[in-house]
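Here the structure comes first, spelled out in structure tokens, and everything after it is commentary.
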Amino acid sequence: MVKKEPFFWITVSCGLIILAFILIPLIEMLTAPSLSMLKETIQDKDVVRSIRLSIYTAGLAALIAFIFGTPLAYLLARTNFRGKHLIESIIDLPIVIPHPVVGIAILSVAGRGHWLGQIFNELGIRIMGSVTGIVVVLTFVGLPFYINAVKNGFESIPPRLENVSRSLGASMFSTFARITFPLAWRSMLIGIIMCSARAISEFGAVVIVAYHPMIAPVLLYERFEGYGLKYSQPVAVWLVSVCLALFLILRILTLRNAKNA
Amino acid sequence: MITIENVNIHLGEFDLREINLSIEKNEFFILMGPTGAGKTVLLEAIAGLIRVDSGHIVVDGRDVTGLPPEKRGVSIVYQDYSLFPHLTVRDNITYGLHFHRTPKAEAAKRFDRLVEDLDLSHLLHRLPANLSGGENQRIALARALIVDPKVLLLDEPLSALDPGFREDLRKGLKRLHETTDATFLMVTHDFSEALSLADRAAVMDGGKIKQVGGMKEIFQRPESTFVADFVGMKNLFTASFHDTKAAINGLEIELGKSPENGHGYIAIRPEDVVLSRRELHSSMRNSFKGTVTEVTDQGLYYEVSIAIEAVTFKSLITKSSLFDLEIGEGSHIYLSFKATAIHTF
């Protein structure tokens with residue numbers, strides 16, 4: 001057997017350090033609360049309500065991303081135009097903007113001092129302290145993840161398949177429905193999961209726009225502030241279980257995808 | 001059938017300029033040219049997949065320049081097959097029928113005939129990913145033809161196939177062309193393919209059409225160096241075959257074996273034609289005495305034309321051979337070539 005070079009051992013050590021860095025705190029947190037405490041926590045109506053609200057608002061955000069993001073992702077994947085990079089950068093902005101800034105930015109257009117806020121007000125839509133507000137924030141932070149995943153999915157479908165479909169008599173819409181969509185749905189599913197996973201973990205922007213009704217991360221923060229680490233851990237375990245379930249589904253789907261390709 | 005008038009297309013760094021072409025109904029027309037000449041762009045423009053900046057494209061008497069691809073009656077087959085990976089072979093073939101009001105009985109008849117002609121009946125329930133290139137391309141052909149297109153565009157349909165499959169599918173293409181009403185327009189790089197399938201061809205280079213004409217005319221009187229290089233075989237003759245022999249204008253040539261795919265053409269690369277002062281007694285099956293009619297300087301080589309009765313052969317020799325053999329116009333010389341150097345089409 002060839003002797004492994006030092007560089008190989010450096011890469012292995014770095015890998016182990018990173019794995020430990022990610023796993024040790026998570027495992028510690030997951031194993032800290034006793035089973036009875038976990039049971040007690042999940043019987044707490046506030047906890048259940050907040051986790052349910054988190055899943056509901058994150059799911060809605062993903063649905064909105066699906067409806068409005070899919071056509072844009074298709075456009076970006078299929079066409080080249082002046083300013084395309086600019087549009088792609090704008091779509092990525094929510095990823096790089098600090099979270100509280102997102103909350104403040106959304107509040108600044110939602111107030112009565114802004115024409116958009118006035119329109120919302122007249123329509124009876126309240127952003128501040130409402131479920132609507134939470135969904136707006138989660139959509140804002142989740143959109144880039146959906147659009148990028150689906151854009152990659154569309155790009156992996158050869159345009160020639162669509163060309164052949166058109167030449168055989170299918171309109172643009174029929175081609176999308178019969179060829180592009182069936183080949184891209186898996187990337188859309190992955191996009192929905194990425195988007196909702198991102199949305200469910202949002203805290204900084206939500207806490208500014210809507211402290212109440214309380215989503216799980218805000219409740220977690222409140223428990224930590226009010227009662228300390230011990231009482232926030234069980235809530236964290238339940239929240240992280242939901243996120244892990246989402247992540248697991250994503251991994252299974254992408255692995256199956258890679259095998260098929 | 002297809003008339004292309006003054007078509008210009010600008011695609012950023014690449015342009016098609018002043019394309020004029022006229023293709024007859026039910027003709028098998030070949031488009032040749034080096035990579036980047038614009039052949040695929042022209043095909044996609046005819047199919048309506050690329051917008052034309054100026055000029056007109058007329059298919060079957062109808063100006064289709066402004067029509068979307070689905071309204072043109074033009075099918076396209078790509079080199080990479082472009083089958084729908086999520087559909088079975090049957091669903092791939094019948095895909096186009098969803099968008100045409102074809103009576104059920106007629107559709108079933110076309111389906112059965114194409115499946116039979118292209119030998120696809122045992123594959124109908126399979127997915128394209130698990131099939132060979134030859135099978136995939138046969139499926140792509142069936143899918144393109146089931147909608148009874150006015151024009152079938154073929155973008156190097158045989159180039160990605162193994163030689164065995166290629167020969168089979170070439171025959172298949174010829175048969176399909178004879179049994180359908182569609183006009184075939186095919187891009188190819190292969191000389192023998194072009195000769196055996198088509199009557200007429202156009203040569204493109206740098207976004208322009210350089211030459212249009214009969215197959216033989218293009219190969220024998222190339223107007224561009226591209227075609228001359230592309231052909232490479234300057235000794236191209238029409239011939240009649242009997243058993244292992246071929247006759248060119250009365251000159252009998254030994255082929256060594258019966259031609260497999262004879263369509264009435266014989267070609268020999270000029271570098272395979274050996275010249276000598278005395279008759280060679282070697283394994284060369286063909287040896288003739290002729291008269292040198294022309295010697296031209298080709299840079300590294302000299303091209304020598306030798307007339308044997310009514311047939312003129314061309315040979316490429318080095319400068320030193322030219323001096324050793326003391327060749328000049330009018331000198332008598334022996335010319336030989338191996339039976340294996342003969343290409344039959």
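Following the order of the structure tokens, first chain is A, next is B, and so on, with residues numbered from 1 inside each chain and ligands from 1 in the order they appear.
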Contacts of stretch 43-55 of chain A at 7 Å (only C-alpha atoms; same-chain gap of 3+ positions) as a PyMOL selection string: chain A and resi 39-40+58-59+200+214-216+219+235+239
Contacts of B:Ala198 at 12 Å (only C-alpha atoms; same-chain gap of 6+ positions) as a ChimeraX atom specification: /B:23,26-32,170,173-174,177-178,183-188,190-192,213-216,263,345
At most 6 Å to chain A: residues in chain B, only C-alpha atoms, as a list in words: Pro69, Glu70, Ser75, Ser82, Gly96 and Phe99 of chain B
Output C-alpha atoms for every residue in the selection just made, as a short mmCIF file (atom, residue, chain, number, x, y, z; two decimals), in the first residue's frame.
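The resulting selection21.cif:
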data_model
loop_
_atom_site.label_atom_id
_atom_site.label_comp_id
_atom_site.auth_asym_id
_atom_site.auth_seq_id
_atom_site.Cartn_x
_atom_site.Cartn_y
_atom_site.Cartn_z
CA PRO B 69 -42.56 26.12 -34.30
CA GLU B 70 -45.73 24.15 -33.50
CA SER B 75 -40.05 17.99 -37.38
CA SER B 82 -33.26 14.31 -27.49
CA GLY B 96 -46.86 14.60 -31.24
CA PHE B 99 -51.40 18.07 -30.67
#
Distance query B:Gly299 at most 12 Å, only C-alpha atoms, self and fewer than 3 positions along chain excluded, as a compact mmCIF listing (two decimals) with C-alpha atoms, in the first residue's frame:
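As a result, result.txt now contains:
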# COMPACT_ATOMS: atom_id res chain seq x y z
CA THR B 296 0.13 20.73 -60.32
CA TYR B 302 2.31 17.28 -56.43
CA GLU B 303 -1.01 16.26 -57.91
CA LEU B 316 -0.53 12.65 -54.95
CA ILE B 317 3.25 12.20 -54.89
CA THR B 318 6.17 13.92 -53.20
CA LYS B 319 8.57 16.21 -55.01
Helix (DSSP H, G or I) call set, DSSP backbone run, stretch 4-68 of chain B, as a PyMOL selection string: chain B and resi 39-47
For stretch 201-210 of chain A: contacts at 9 Å, only C-alpha atoms, fewer than 2 positions along chain excluded, given as number ranges by chain: A: 54, 98-104, 106-107, 127-131, 133-134, 137-138, 141, 196-199, 212-218, 221, 239, 243
Between atom CA of B:Arg51 and atom CA of A:Leu76 - distance in Å to one decimal: 19.3 Å
Residue nearest B:Glu279 - candidates B:Val295, B:Leu114, B:Glu193, B:Ser336, atoms counted: only C-alpha atoms: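 Nearest candidate to B:Glu279 out of B:Val295, B:Leu114, B:Glu193, B:Ser336: B:Ser336.
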Best match for closeness to B:Arg278 among B:Leu195, B:Ala107, B:Ile2, B:Leu325, counting only C-alpha atoms: B:Leu325
Straight-line distance linking atom CA of A:Ile157 with atom CA of B:Leu87, stated in Å to one decimal: 14.4 Å
Stretch 7-16 of chain B environment, 6 Å, only C-alpha atoms, sequence neighbours closer than 3 positions dropped, as number ranges by chain: B: 19, 52-55, 207
Point-to-point distance from atom CA of B:Gly133 to atom CA of B:Asp80, Å rounded to tenths: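 Distance reported for this atom pair: 8.5 Å.
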Pick from B:Ile46, B:Ile218, B:Ile146, B:Leu21, whichever lies nearest to B:Glu106 using only C-alpha atoms: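 When distances to B:Glu106 are compared using only C-alpha atoms, the smallest one comes from B:Ile146.
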